[in-house]
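Q: My structure is in coords-v2.tsv, and what it holds is TSV, C-alpha atoms and all ligand atoms:
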```tsv
chain	number	residue	atom	x	y	z
M	69	MET	CA	-4.64	-125.65	30.93
M	70	SER	CA	-5.37	-124.06	27.56
M	71	LYS	CA	-8.93	-122.93	26.96
M	72	ALA	CA	-11.23	-124.84	24.58
M	73	LYS	CA	-11.75	-122.79	21.41
M	74	ILE	CA	-15.40	-122.44	20.52
M	75	ALA	CA	-17.09	-121.23	17.33
M	76	ILE	CA	-20.69	-120.00	17.29
M	77	ASN	CA	-22.43	-120.61	13.96
M	78	GLY	CA	-25.58	-118.44	13.99
M	79	TYR	CA	-25.43	-115.37	16.20
M	80	GLY	CA	-29.14	-114.89	16.94
M	81	THR	CA	-31.31	-115.36	20.02
M	82	ILE	CA	-29.47	-118.42	21.33
M	83	GLY	CA	-26.07	-117.86	19.69
M	84	LYS	CA	-25.41	-114.43	21.20
M	85	ARG	CA	-26.34	-115.68	24.67
M	86	VAL	CA	-24.14	-118.78	24.39
M	87	ALA	CA	-21.26	-116.56	23.20
M	88	ASP	CA	-21.56	-114.37	26.31
M	89	ALA	CA	-21.91	-117.38	28.62
M	90	VAL	CA	-18.81	-119.06	27.14
M	91	THR	CA	-16.86	-115.81	27.54
M	92	ALA	CA	-17.72	-115.80	31.24
M	93	GLN	CA	-16.00	-119.20	31.75
M	94	ASP	CA	-12.34	-119.73	32.64
M	95	ASP	CA	-11.90	-122.94	30.65
M	96	MET	CA	-13.30	-121.98	27.24
M	97	GLU	CA	-13.25	-119.00	24.88
M	98	ILE	CA	-14.99	-117.76	21.75
M	99	ALA	CA	-12.81	-117.99	18.64
M	100	GLY	CA	-15.41	-116.33	16.43
M	101	VAL	CA	-19.09	-115.95	15.60
M	102	VAL	CA	-20.79	-116.42	12.24
M	103	LYS	CA	-23.48	-114.32	10.57
M	104	THR	CA	-25.09	-114.38	7.14
M	105	ARG	CA	-25.99	-110.65	7.14
M	106	PRO	CA	-24.47	-107.44	8.51
M	107	SER	CA	-27.45	-106.86	10.82
M	108	PHE	CA	-27.41	-105.03	14.17
M	109	GLU	CA	-26.41	-108.33	15.76
M	110	ALA	CA	-23.29	-108.45	13.59
M	111	LYS	CA	-22.45	-104.93	14.77
M	112	LEU	CA	-23.09	-106.05	18.35
M	113	ALA	CA	-20.65	-108.94	17.86
M	114	ASN	CA	-18.02	-106.43	16.72
M	115	ASP	CA	-18.76	-104.18	19.71
M	116	ARG	CA	-18.33	-107.15	22.04
M	117	LYS	CA	-14.94	-107.85	20.44
M	118	PHE	CA	-15.95	-111.20	18.98
M	119	ASP	CA	-14.22	-111.98	15.70
M	120	LEU	CA	-16.92	-111.97	13.05
M	121	TYR	CA	-17.03	-114.48	10.18
M	122	ALA	CA	-19.33	-114.64	7.14
M	123	ALA	CA	-21.35	-117.83	6.62
M	124	SER	CA	-19.98	-118.13	3.05
M	125	PRO	CA	-17.50	-116.27	0.75
M	126	ASP	CA	-20.30	-114.58	-1.28
M	127	LYS	CA	-21.53	-112.79	1.87
M	128	ILE	CA	-18.24	-111.02	2.66
M	129	ASP	CA	-18.93	-108.04	0.37
M	130	SER	CA	-22.16	-107.17	2.16
M	131	PHE	CA	-20.29	-106.97	5.47
M	132	ASN	CA	-17.56	-104.79	3.95
M	133	GLN	CA	-20.16	-102.49	2.41
M	134	ALA	CA	-21.75	-102.09	5.85
M	135	GLY	CA	-18.35	-101.13	7.24
M	136	LEU	CA	-17.99	-104.33	9.22
M	137	GLU	CA	-14.67	-106.11	9.30
M	138	VAL	CA	-14.88	-109.89	8.92
M	139	SER	CA	-12.02	-112.24	9.75
M	140	GLY	CA	-12.97	-114.73	7.04
M	141	THR	CA	-15.61	-117.36	6.42
M	142	LEU	CA	-17.16	-120.10	8.54
M	143	ASP	CA	-14.83	-122.54	6.81
M	144	ASP	CA	-11.79	-120.48	7.93
M	145	LEU	CA	-13.07	-120.29	11.50
M	146	LEU	CA	-13.71	-124.03	11.76
M	147	ALA	CA	-10.11	-124.76	10.78
M	148	ASP	CA	-8.94	-123.53	14.16
M	149	VAL	CA	-11.52	-124.50	16.82
M	150	ASP	CA	-12.21	-127.45	19.09
M	151	LEU	CA	-16.00	-127.27	18.98
M	152	VAL	CA	-18.76	-125.44	17.12
M	153	VAL	CA	-22.06	-124.55	18.76
M	154	ASP	CA	-24.58	-124.53	15.93
M	155	CYS	CA	-27.23	-121.91	16.70
M	156	THR	CA	-28.60	-121.56	13.18
M	157	PRO	CA	-32.41	-121.59	12.75
M	158	GLY	CA	-34.18	-124.91	13.37
M	159	GLY	CA	-33.71	-127.32	10.47
M	160	VAL	CA	-30.72	-125.42	9.05
M	161	GLY	CA	-28.05	-126.86	11.34
M	162	ALA	CA	-28.28	-130.44	10.11
M	163	ALA	CA	-26.97	-129.36	6.70
M	164	TYR	CA	-23.72	-128.22	8.33
M	165	LYS	CA	-22.92	-131.64	9.79
M	166	GLU	CA	-20.78	-132.67	6.83
M	167	LEU	CA	-18.72	-129.49	7.11
M	168	TYR	CA	-18.16	-129.99	10.84
M	169	GLN	CA	-17.11	-133.59	10.16
M	170	LYS	CA	-14.76	-132.46	7.40
M	171	HIS	CA	-12.98	-130.24	9.92
M	172	GLY	CA	-12.86	-133.07	12.48
M	173	ILE	CA	-14.33	-130.84	15.19
M	174	LYS	CA	-16.94	-131.48	17.83
M	175	ALA	CA	-20.43	-130.00	17.36
M	176	ILE	CA	-23.44	-129.08	19.47
M	177	TRP	CA	-26.84	-128.55	17.83
M	178	GLN	CA	-29.92	-127.00	19.39
M	179	GLY	CA	-33.45	-128.30	19.92
M	180	GLY	CA	-34.65	-127.19	16.48
M	181	GLU	CA	-32.75	-130.15	15.02
M	182	ASP	CA	-33.83	-133.78	15.33
M	183	HIS	CA	-32.22	-136.07	17.90
M	184	GLU	CA	-30.78	-138.11	15.00
M	185	VAL	CA	-28.51	-135.26	13.85
M	186	ALA	CA	-26.28	-135.80	16.87
M	187	GLY	CA	-27.53	-139.21	18.03
M	188	PHE	CA	-27.38	-137.93	21.61
M	189	SER	CA	-29.59	-135.43	23.44
M	190	PHE	CA	-28.33	-133.57	26.49
M	191	ASN	CA	-29.48	-132.18	29.80
M	192	SER	CA	-26.90	-131.13	32.38
M	193	GLU	CA	-28.44	-132.88	35.39
M	194	ALA	CA	-29.81	-135.97	33.66
M	195	ASN	CA	-26.93	-137.19	31.50
M	196	TYR	CA	-23.77	-135.05	31.80
M	197	SER	CA	-21.52	-138.10	32.20
M	198	ASP	CA	-22.83	-139.63	28.95
M	199	ALA	CA	-21.66	-136.52	27.08
M	200	ILE	CA	-18.04	-136.76	28.19
M	201	GLY	CA	-15.72	-136.90	25.19
M	202	ARG	CA	-18.58	-137.08	22.66
M	203	ASP	CA	-18.16	-135.59	19.19
M	204	PHE	CA	-21.82	-134.67	18.63
M	205	THR	CA	-24.55	-133.58	21.03
M	206	ARG	CA	-27.94	-131.91	20.76
M	207	VAL	CA	-28.98	-129.59	23.59
M	208	VAL	CA	-32.74	-130.15	23.68
M	209	SER	CA	-35.28	-127.36	23.22
M	210	CYS	CA	-36.28	-124.83	25.86
M	211	ASN	CA	-39.48	-126.74	26.67
M	212	THR	CA	-37.75	-130.12	26.83
M	213	THR	CA	-34.99	-128.64	29.01
M	214	GLY	CA	-37.63	-127.23	31.36
M	215	LEU	CA	-39.56	-130.51	31.50
M	216	THR	CA	-36.43	-132.59	32.06
M	217	ARG	CA	-35.24	-130.34	34.88
M	218	ALA	CA	-38.62	-130.74	36.59
M	219	LEU	CA	-39.24	-134.45	35.95
M	220	TYR	CA	-35.75	-135.96	36.33
M	221	PRO	CA	-35.44	-135.22	40.09
M	222	LEU	CA	-39.00	-136.40	40.70
M	223	ASP	CA	-38.25	-139.65	38.89
M	224	GLN	CA	-34.96	-140.12	40.76
M	225	THR	CA	-36.52	-139.56	44.16
M	226	PHE	CA	-40.12	-140.80	44.00
M	227	GLY	CA	-40.35	-142.67	40.68
M	228	ILE	CA	-42.81	-141.42	38.05
M	229	LYS	CA	-45.77	-143.61	37.15
M	230	LYS	CA	-47.16	-141.15	34.61
M	231	SER	CA	-46.79	-137.47	33.82
M	232	ARG	CA	-49.22	-135.30	31.90
M	233	VAL	CA	-48.23	-131.81	30.83
M	234	THR	CA	-50.10	-128.98	29.11
M	235	LEU	CA	-47.65	-126.61	27.46
M	236	MET	CA	-48.83	-123.07	26.81
M	237	ARG	CA	-46.25	-121.77	24.40
M	238	ARG	CA	-45.17	-118.26	23.61
M	239	ALA	CA	-45.93	-117.52	19.97
M	240	ALA	CA	-42.59	-115.90	19.10
M	241	ASP	CA	-39.53	-114.41	20.73
M	242	PRO	CA	-39.82	-110.70	21.65
M	243	GLY	CA	-37.55	-109.59	18.79
M	244	ASN	CA	-39.53	-111.50	16.16
M	245	ILE	CA	-42.03	-109.39	14.21
M	246	LYS	CA	-43.14	-112.01	11.73
M	247	SER	CA	-45.09	-114.55	13.82
M	248	GLY	CA	-48.64	-114.63	15.16
M	249	PRO	CA	-51.08	-115.21	16.67
M	250	ILE	CA	-52.04	-111.66	17.62
M	251	ASN	CA	-55.49	-112.59	18.84
M	252	ALA	CA	-56.00	-116.36	18.91
M	253	ILE	CA	-55.13	-119.58	20.71
M	254	ILE	CA	-53.65	-122.19	18.40
M	255	PRO	CA	-53.64	-125.89	19.23
M	256	ASN	CA	-50.09	-126.67	18.17
M	257	PRO	CA	-49.99	-129.41	17.06
M	258	ILE	CA	-53.69	-130.24	16.62
M	259	SER	CA	-52.91	-133.97	16.56
M	260	LEU	CA	-52.33	-135.28	20.08
M	261	PRO	CA	-50.13	-135.87	21.95
M	262	SER	CA	-47.49	-133.27	21.04
M	263	HIS	CA	-43.86	-134.05	20.21
M	264	HIS	CA	-42.60	-132.70	23.55
M	265	GLY	CA	-43.11	-135.96	25.45
M	266	PRO	CA	-41.11	-138.03	22.94
M	267	ASP	CA	-38.44	-135.33	23.05
M	268	VAL	CA	-38.12	-135.77	26.83
M	269	ASN	CA	-37.80	-139.50	26.06
M	270	SER	CA	-34.70	-138.71	23.95
M	271	ILE	CA	-33.03	-138.08	27.34
M	272	LEU	CA	-35.15	-140.20	29.71
M	273	PRO	CA	-36.34	-143.08	27.49
M	274	HIS	CA	-38.26	-144.96	30.21
M	275	LEU	CA	-40.34	-141.97	31.40
M	276	LYS	CA	-44.11	-142.15	30.89
M	277	ILE	CA	-45.13	-138.69	29.68
M	278	ALA	CA	-47.98	-137.31	27.59
M	279	THR	CA	-47.94	-133.69	26.44
M	280	VAL	CA	-50.35	-131.36	24.67
M	281	ALA	CA	-49.47	-127.85	23.52
M	282	VAL	CA	-51.16	-124.61	22.51
M	283	LYS	CA	-49.65	-121.35	21.24
M	284	LEU	CA	-50.72	-118.11	22.88
M	285	SER	CA	-50.46	-114.42	21.98
M	286	THR	CA	-47.43	-113.75	24.17
M	287	THR	CA	-43.69	-113.47	23.62
M	288	LEU	CA	-42.41	-113.53	27.20
M	289	MET	CA	-42.24	-117.14	28.37
M	290	HIS	CA	-43.67	-120.63	27.98
M	291	PHE	CA	-45.97	-121.84	30.74
M	292	HIS	CA	-46.41	-125.50	31.80
M	293	ALA	CA	-49.17	-127.10	33.87
M	294	LEU	CA	-47.84	-130.42	35.19
M	295	ASN	CA	-49.75	-133.35	36.67
M	296	VAL	CA	-47.56	-136.23	37.84
M	297	GLU	CA	-48.45	-139.60	39.36
M	298	LEU	CA	-45.57	-140.67	41.55
M	299	ASP	CA	-44.67	-144.22	42.61
M	300	SER	CA	-44.07	-143.27	46.26
M	301	ASP	CA	-46.27	-141.28	48.56
M	302	PHE	CA	-45.33	-137.63	49.07
M	303	GLU	CA	-46.42	-134.40	50.66
M	304	PRO	CA	-46.12	-131.03	48.90
M	305	GLN	CA	-43.35	-130.05	51.33
M	306	ASP	CA	-41.26	-133.05	50.09
M	307	ILE	CA	-41.48	-131.66	46.55
M	308	ILE	CA	-40.59	-128.16	47.74
M	309	ASP	CA	-37.54	-129.55	49.57
M	310	LEU	CA	-36.52	-131.56	46.50
M	311	TYR	CA	-36.73	-128.62	44.11
M	312	ALA	CA	-35.13	-126.19	46.59
M	313	ALA	CA	-31.96	-128.28	46.33
M	314	ARG	CA	-31.88	-128.36	42.50
M	315	PRO	CA	-29.37	-126.03	40.85
M	316	ARG	CA	-31.58	-124.56	38.12
M	317	ILE	CA	-34.98	-124.20	39.73
M	318	ARG	CA	-36.18	-120.90	41.18
M	319	PHE	CA	-39.32	-120.59	43.29
M	320	VAL	CA	-41.70	-117.69	43.01
M	321	SER	CA	-45.01	-117.30	44.80
M	322	GLY	CA	-48.35	-115.60	44.53
M	323	ALA	CA	-47.77	-114.48	48.11
M	324	ASP	CA	-44.85	-112.37	46.78
M	325	LYS	CA	-47.23	-110.97	44.15
M	326	ILE	CA	-45.63	-112.86	41.30
M	327	THR	CA	-48.81	-113.98	39.63
M	328	SER	CA	-47.86	-113.99	35.94
M	329	THR	CA	-45.02	-114.43	33.47
M	330	ALA	CA	-44.91	-110.62	33.16
M	331	GLU	CA	-43.92	-110.33	36.82
M	332	VAL	CA	-41.35	-113.12	36.42
M	333	MET	CA	-39.70	-111.12	33.63
M	334	GLU	CA	-39.81	-108.01	35.82
M	335	LEU	CA	-38.03	-110.04	38.51
M	336	ALA	CA	-35.36	-111.04	35.96
M	337	ARG	CA	-34.85	-107.36	35.12
M	338	ASP	CA	-34.63	-106.47	38.81
M	339	LEU	CA	-32.06	-109.23	39.34
M	340	GLY	CA	-29.90	-107.37	36.83
M	341	ARG	CA	-29.75	-110.34	34.51
M	342	SER	CA	-28.21	-109.67	31.10
M	343	ARG	CA	-30.98	-109.30	28.49
M	344	SER	CA	-33.43	-109.90	31.42
M	345	ASP	CA	-32.77	-113.61	31.10
M	346	MET	CA	-34.25	-116.13	33.49
M	347	PHE	CA	-32.05	-119.19	33.12
M	348	GLU	CA	-33.88	-121.26	35.75
M	349	ASN	CA	-37.22	-123.09	35.66
M	350	VAL	CA	-39.57	-120.80	37.55
M	351	ILE	CA	-41.93	-122.85	39.71
M	352	TRP	CA	-44.81	-121.35	41.65
M	353	LYS	CA	-44.16	-122.72	45.13
M	354	ASP	CA	-47.76	-122.20	46.18
M	355	SER	CA	-49.01	-124.16	43.17
M	356	ILE	CA	-47.29	-127.36	44.33
M	357	SER	CA	-50.26	-129.47	45.40
M	358	LYS	CA	-51.32	-133.00	46.17
M	359	TYR	CA	-54.81	-133.63	44.84
M	360	GLN	CA	-56.39	-137.09	44.76
M	361	GLY	CA	-52.93	-138.52	45.44
M	362	GLU	CA	-51.27	-136.82	42.41
M	363	LEU	CA	-48.84	-133.93	42.12
M	364	TYR	CA	-49.81	-130.69	40.37
M	365	PHE	CA	-47.84	-127.51	39.80
M	366	PHE	CA	-47.15	-124.61	37.40
M	367	GLN	CA	-43.82	-123.56	35.95
M	368	ALA	CA	-42.69	-120.86	33.53
M	369	ILE	CA	-39.80	-121.32	31.12
M	370	HIS	CA	-37.84	-118.45	29.58
M	371	GLN	CA	-37.44	-119.79	26.08
M	372	GLU	CA	-34.60	-117.48	25.10
M	373	SER	CA	-32.25	-118.45	27.91
M	374	ASP	CA	-32.87	-121.71	29.79
M	375	VAL	CA	-30.80	-123.75	27.31
M	376	VAL	CA	-27.78	-121.43	27.57
M	377	PRO	CA	-26.17	-122.89	30.73
M	378	GLU	CA	-26.85	-126.37	29.34
M	379	ASN	CA	-24.77	-125.47	26.25
M	380	VAL	CA	-21.87	-124.44	28.50
M	381	ASP	CA	-22.05	-127.72	30.44
M	382	ALA	CA	-22.28	-129.71	27.20
M	383	ILE	CA	-19.09	-128.02	25.94
M	384	ARG	CA	-17.33	-128.82	29.22
M	385	ALA	CA	-18.32	-132.50	29.04
M	386	MET	CA	-17.57	-132.97	25.35
M	387	CYS	CA	-14.17	-131.25	25.58
M	388	GLU	CA	-13.39	-133.22	28.76
M	389	LEU	CA	-12.73	-130.05	30.76
M	390	GLU	CA	-14.54	-131.43	33.83
M	391	SER	CA	-15.62	-135.01	34.52
M	392	ASP	CA	-18.04	-134.20	37.35
M	393	GLY	CA	-21.40	-132.88	36.14
M	394	GLU	CA	-22.28	-131.30	39.47
M	395	LYS	CA	-19.02	-129.35	39.46
M	396	SER	CA	-19.64	-128.13	35.92
M	397	ILE	CA	-23.18	-127.03	36.77
M	398	ALA	CA	-21.87	-125.19	39.86
M	399	MET	CA	-19.14	-123.48	37.81
M	400	THR	CA	-21.57	-122.42	35.08
M	401	ASN	CA	-24.13	-121.22	37.62
M	402	LYS	CA	-21.55	-119.16	39.50
M	403	THR	CA	-20.21	-117.42	36.43
M	404	MET	CA	-23.70	-116.72	35.05
M	405	GLY	CA	-25.19	-115.57	38.35
M	406	ILE	CA	-27.70	-118.43	38.39
M	407	GLY	CA	-29.26	-119.20	41.76
M	408	LYS	CA	-28.22	-115.90	43.28
Y	1	LIG	N1	-35.43	-118.89	20.43
Y	1	LIG	C1	-35.83	-119.84	21.21
Y	1	LIG	O1	-36.80	-119.69	21.92
Y	1	LIG	C2	-35.09	-121.14	21.25
Y	1	LIG	C3	-35.06	-121.84	22.45
Y	1	LIG	C4	-34.35	-123.04	22.52
Y	1	LIG	C5	-33.76	-123.54	21.37
Y	1	LIG	N2	-33.86	-122.85	20.21
Y	1	LIG	C6	-33.21	-123.42	19.04
Y	1	LIG	O2	-31.97	-122.75	18.84
Y	1	LIG	C7	-31.66	-122.70	17.44
Y	1	LIG	C8	-31.46	-121.25	17.06
Y	1	LIG	O3	-32.67	-120.55	17.28
Y	1	LIG	P1	-32.71	-118.99	17.50
Y	1	LIG	O4	-34.03	-118.70	18.13
Y	1	LIG	O5	-31.47	-118.52	18.14
Y	1	LIG	O6	-32.75	-118.49	16.00
Y	1	LIG	P2	-32.51	-116.99	15.45
Y	1	LIG	O7	-32.74	-116.02	16.53
Y	1	LIG	O8	-33.29	-116.91	14.20
Y	1	LIG	O9	-30.96	-116.98	15.14
Y	1	LIG	C9	-30.44	-117.76	14.14
Y	1	LIG	C10	-29.15	-117.14	13.64
Y	1	LIG	O10	-28.64	-117.96	12.61
Y	1	LIG	C11	-28.23	-117.14	11.53
Y	1	LIG	N3	-28.38	-117.90	10.29
Y	1	LIG	C12	-29.46	-118.03	9.50
Y	1	LIG	N4	-29.19	-118.86	8.49
Y	1	LIG	C13	-27.92	-119.25	8.64
Y	1	LIG	C14	-27.04	-120.09	7.91
Y	1	LIG	N5	-27.46	-120.73	6.81
Y	1	LIG	N6	-25.79	-120.25	8.33
Y	1	LIG	C15	-25.33	-119.64	9.46
Y	1	LIG	N7	-26.12	-118.83	10.18
Y	1	LIG	C16	-27.39	-118.65	9.79
Y	1	LIG	C17	-29.06	-115.92	11.59
Y	1	LIG	O11	-28.21	-114.89	11.16
Y	1	LIG	P3	-28.55	-113.88	10.02
Y	1	LIG	O12	-29.48	-112.90	10.61
Y	1	LIG	O13	-27.23	-113.33	9.74
Y	1	LIG	O14	-29.14	-114.67	8.90
Y	1	LIG	C18	-29.32	-115.75	13.08
Y	1	LIG	O15	-28.31	-114.96	13.67
Y	1	LIG	C19	-32.82	-123.41	16.75
Y	1	LIG	O16	-32.51	-124.77	16.61
Y	1	LIG	C20	-33.96	-123.25	17.74
Y	1	LIG	O17	-34.95	-124.23	17.58
Y	1	LIG	C21	-34.47	-121.64	20.12
```
Take the structure in the file and write it out as structure tokens.
Ligand SMILES: NC(=O)c1ccc[n+]([C@@H]2O[C@H](COP(=O)([O-])OP(=O)(O)OC[C@H]3O[C@@H](n4cnc5c(N)ncnc54)[C@H](OP(=O)(O)O)[C@@H]3O)[C@@H](O)[C@H]2O)c1

A:
Amino acid sequence: MSKAKIAINGYGTIGKRVADAVTAQDDMEIAGVVKTRPSFEAKLANDRKFDLYAASPDKIDSFNQAGLEVSGTLDDLLADVDLVVDCTPGGVGAAYKELYQKHGIKAIWQGGEDHEVAGFSFNSEANYSDAIGRDFTRVVSCNTTGLTRALYPLDQTFGIKKSRVTLMRRAADPGNIKSGPINAIIPNPISLPSHHGPDVNSILPHLKIATVAVKLSTTLMHFHALNVELDSDFEPQDIIDLYAARPRIRFVSGADKITSTAEVMELARDLGRSRSDMFENVIWKDSISKYQGELYFFQAIHQESDVVPENVDAIRAMCELESDGEKSIAMTNKTMGIGK
């Protein structure tokens, strides 16, 4: 079977990770990556032997002046691929839709774009089969991916009457020097509830969920406090057993002295993960509680990486490389070292 040819438009935080994850698969390959500037990331793409393309013809000179060889423009790259993963900054990707359509190729956008751009929002466990053969898909944001991974199995097994989530968001990614707050907590948004609940509904439309969010002075991870009313009775051990069997959930515990997102990131480094990525939802096992009949727990979400395996699965479904979602998830997990 020939490999699906994949373009990455936007080689930043998400794009460079998706490029590496695609390269690790047997059934897909990177045809090229696209940059607007000859930054260190463009040099990294060259070092990693990815063919580099300029976003537009007027940018080619700047790459040449920096001593970087480009293979052409985005337009050239798209002429010879099956699918483009758009990893341009939020709000930029929608403008490329016409170009992708002109080339008659499939496209994946990220969570910074609206659901309407693709008309379909994706999570590997919740709706893999609905993505099979699709032309356009949006892989939802890091927070929505984390919430869907946690809530979908609960809903499947116990039924969810109502879920309430407080999202404590990292202010910026570690490599970003432009964003605050340095010393503040920002209600974000101030108007309640936040958009995260409706975003989960783009995958699970029937789910009752209310979310509020604040931004904190940290770059490491997002942190969620979940409170869920379930339809059926449960004990904390039932929830532990349920999550233990999920492919992209990792337990940590205070008993193991993992008491903060800093220690979770240290664990990711110790696991030898590339870029110290933590692709799984990290749930504190000892936070899983039943209080007044409702479920409570904490989870941390590594914003830079949890959507990366979902992108790989979305490619596999859209390009009809595998019809069984569980098999795709297992393949992606194995090649990316997830669950080890
Ligand atoms: N970072 C996260 O935490 C996170 C998590 C989940 C989802 N997402 C979503 O993923 C998407 C990408 O976010 P990101 O964090 O990876 O952004 P990023 O780190 O800023 O990377 C964006 C990349 O796009 C390139 N770019 C900028 N303008 C472009 C254009 N007009 N055409 C082509 N490339 C362009 C930039 O390259 P140059 O430097 O060459 O301009 C940069 O390499 C967004 O939708 C975001 O919401 C982000």

Q: Which residues form the shell of 8 Å around ligand LIG 1 (chain Y) when you count only C-alpha atoms and all ligand atoms, given as a PyMOL selection string?

A: chain M and resi 77-84+102-107+109-110+123+154-161+177-181+208-211+240-241+370-375

Q: Please list as a ChimeraX atom specification every residue within 9 Å of M:Cys387, counting all atoms listed in the file and excluding residues in the same chain fewer than 5 positions away.

A: /M:72,150-151,174,200-203,382

Q: Residues of stretch 318-392 of chain M that approach stretch 271-288 of chain M to 8 Å or less, counting only C-alpha atoms: could you list each one with the shortest pair of atoms and its distance in Å to one decimal, rows by chain and increasing residue number, as a tab-separated table?

A:
```
residue	atom	partner	partner_atom	distance
M:Thr329	CA	M:Leu288	CA	6.9
M:Ala330	CA	M:Leu288	CA	7.1
M:Met333	CA	M:Leu288	CA	7.4
M:His370	CA	M:Leu288	CA	7.1
```

Q: Have a look at M:Val332, M:Val350, M:Ala89, M:Ala313 and name the one nearest to M:Asn401; count only C-alpha atoms.

A: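 Under the stated criterion, the closest residue is M:Ala89.
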
Q: Hey, can you check how far atom CA of M:Ile98 sits from atom CA of M:Arg318?

A: 28.9 Å

Q: Please tell me which residues are no farther than 8 Å from (-30.7, -128.0, 38.4) in the file, counting all atoms listed in the file, and write them as a tab-separated table (two decimals) with C-alpha atoms, in the frame of the given file.

A:
```tsv
chain	number	residue	atom	x	y	z
M	192	SER	CA	-26.90	-131.13	32.38
M	193	GLU	CA	-28.44	-132.88	35.39
M	217	ARG	CA	-35.24	-130.34	34.88
M	314	ARG	CA	-31.88	-128.36	42.50
M	315	PRO	CA	-29.37	-126.03	40.85
M	316	ARG	CA	-31.58	-124.56	38.12
M	317	ILE	CA	-34.98	-124.20	39.73
M	348	GLU	CA	-33.88	-121.26	35.75
M	397	ILE	CA	-23.18	-127.03	36.77
```

Q: Which distance in Å separates atom CA of M:Glu378 and atom CA of M:Ile74, to one decimal?

A: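 Computing it gives 15.0 Å between the two atoms.
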
Q: Report as a Markdown table the residues of stretch 180-229 of chain M within 9 Å of stretch 308-311 of chain M, each with its shortest atom pair and distance in Å (one decimal), using only C-alpha atoms, ordered by chain and increasing residue number.

A:
```
| residue | atom | partner | partner_atom | distance |
| --- | --- | --- | --- | --- |
| M:Ala218 | CA | M:Tyr311 | CA | 8.0 |
| M:Pro221 | CA | M:Leu310 | CA | 7.5 |
| M:Leu222 | CA | M:Leu310 | CA | 8.0 |
| M:Thr225 | CA | M:Leu310 | CA | 8.3 |
```

Q: Could you check how far atom CA of M:Leu219 sits from atom CA of M:Tyr364, in Å to one decimal?

A: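 A separation of 12.1 Å between them.
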
Q: In terms of the shortest atom-to-atom distance over all atoms listed in the file, which of M:Gln224, M:Asn256, M:Ser124, M:Ser396 is closest to M:Arg238?

A: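 Of M:Gln224, M:Asn256, M:Ser124, M:Ser396, the one nearest M:Arg238, counting all atoms listed in the file, is M:Asn256.
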
Q: Find the residue from M:Asn349, M:Ser321, M:Ser357, M:Ser197 that sits nearest to M:Asp306; use all atoms listed in the file when measuring.

A: M:Ser357

Q: Let me make sure I understand: among M:Lys170, M:Arg116, M:Ile258, M:Phe108, which one has the smallest atom-to-atom distance to M:Ala134 if we use only C-alpha atoms?

A: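 Smallest distance to M:Ala134 is found for M:Phe108.
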
Q: So that I can see what lies close to M:His171, please list as a list in words the residues with an atom at most 12 Å from it, counting all atoms listed in the file and leaving out residues fewer than 6 positions away in the same chain.

A: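 The filter keeps Leu142, Asp143, Asp144, Leu145, Leu146, Ala147, Asp148, Val149, Asp150, Leu151, Val152, Tyr164, Lys165 and Asp203 of chain M.
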
Q: Find the residues with any atom within 8 Å of (-44.9, -135.0, 26.7); use only C-alpha atoms and the coordinates as given in the file, and write the answer as a list in words.

A: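 It turns out the residues near that spot are Ser231, Arg232, Val233, Pro261, Ser262, His263, His264, Gly265, Pro266, Asp267, Val268, Ile277, Ala278, Thr279 and Val280 of chain M.
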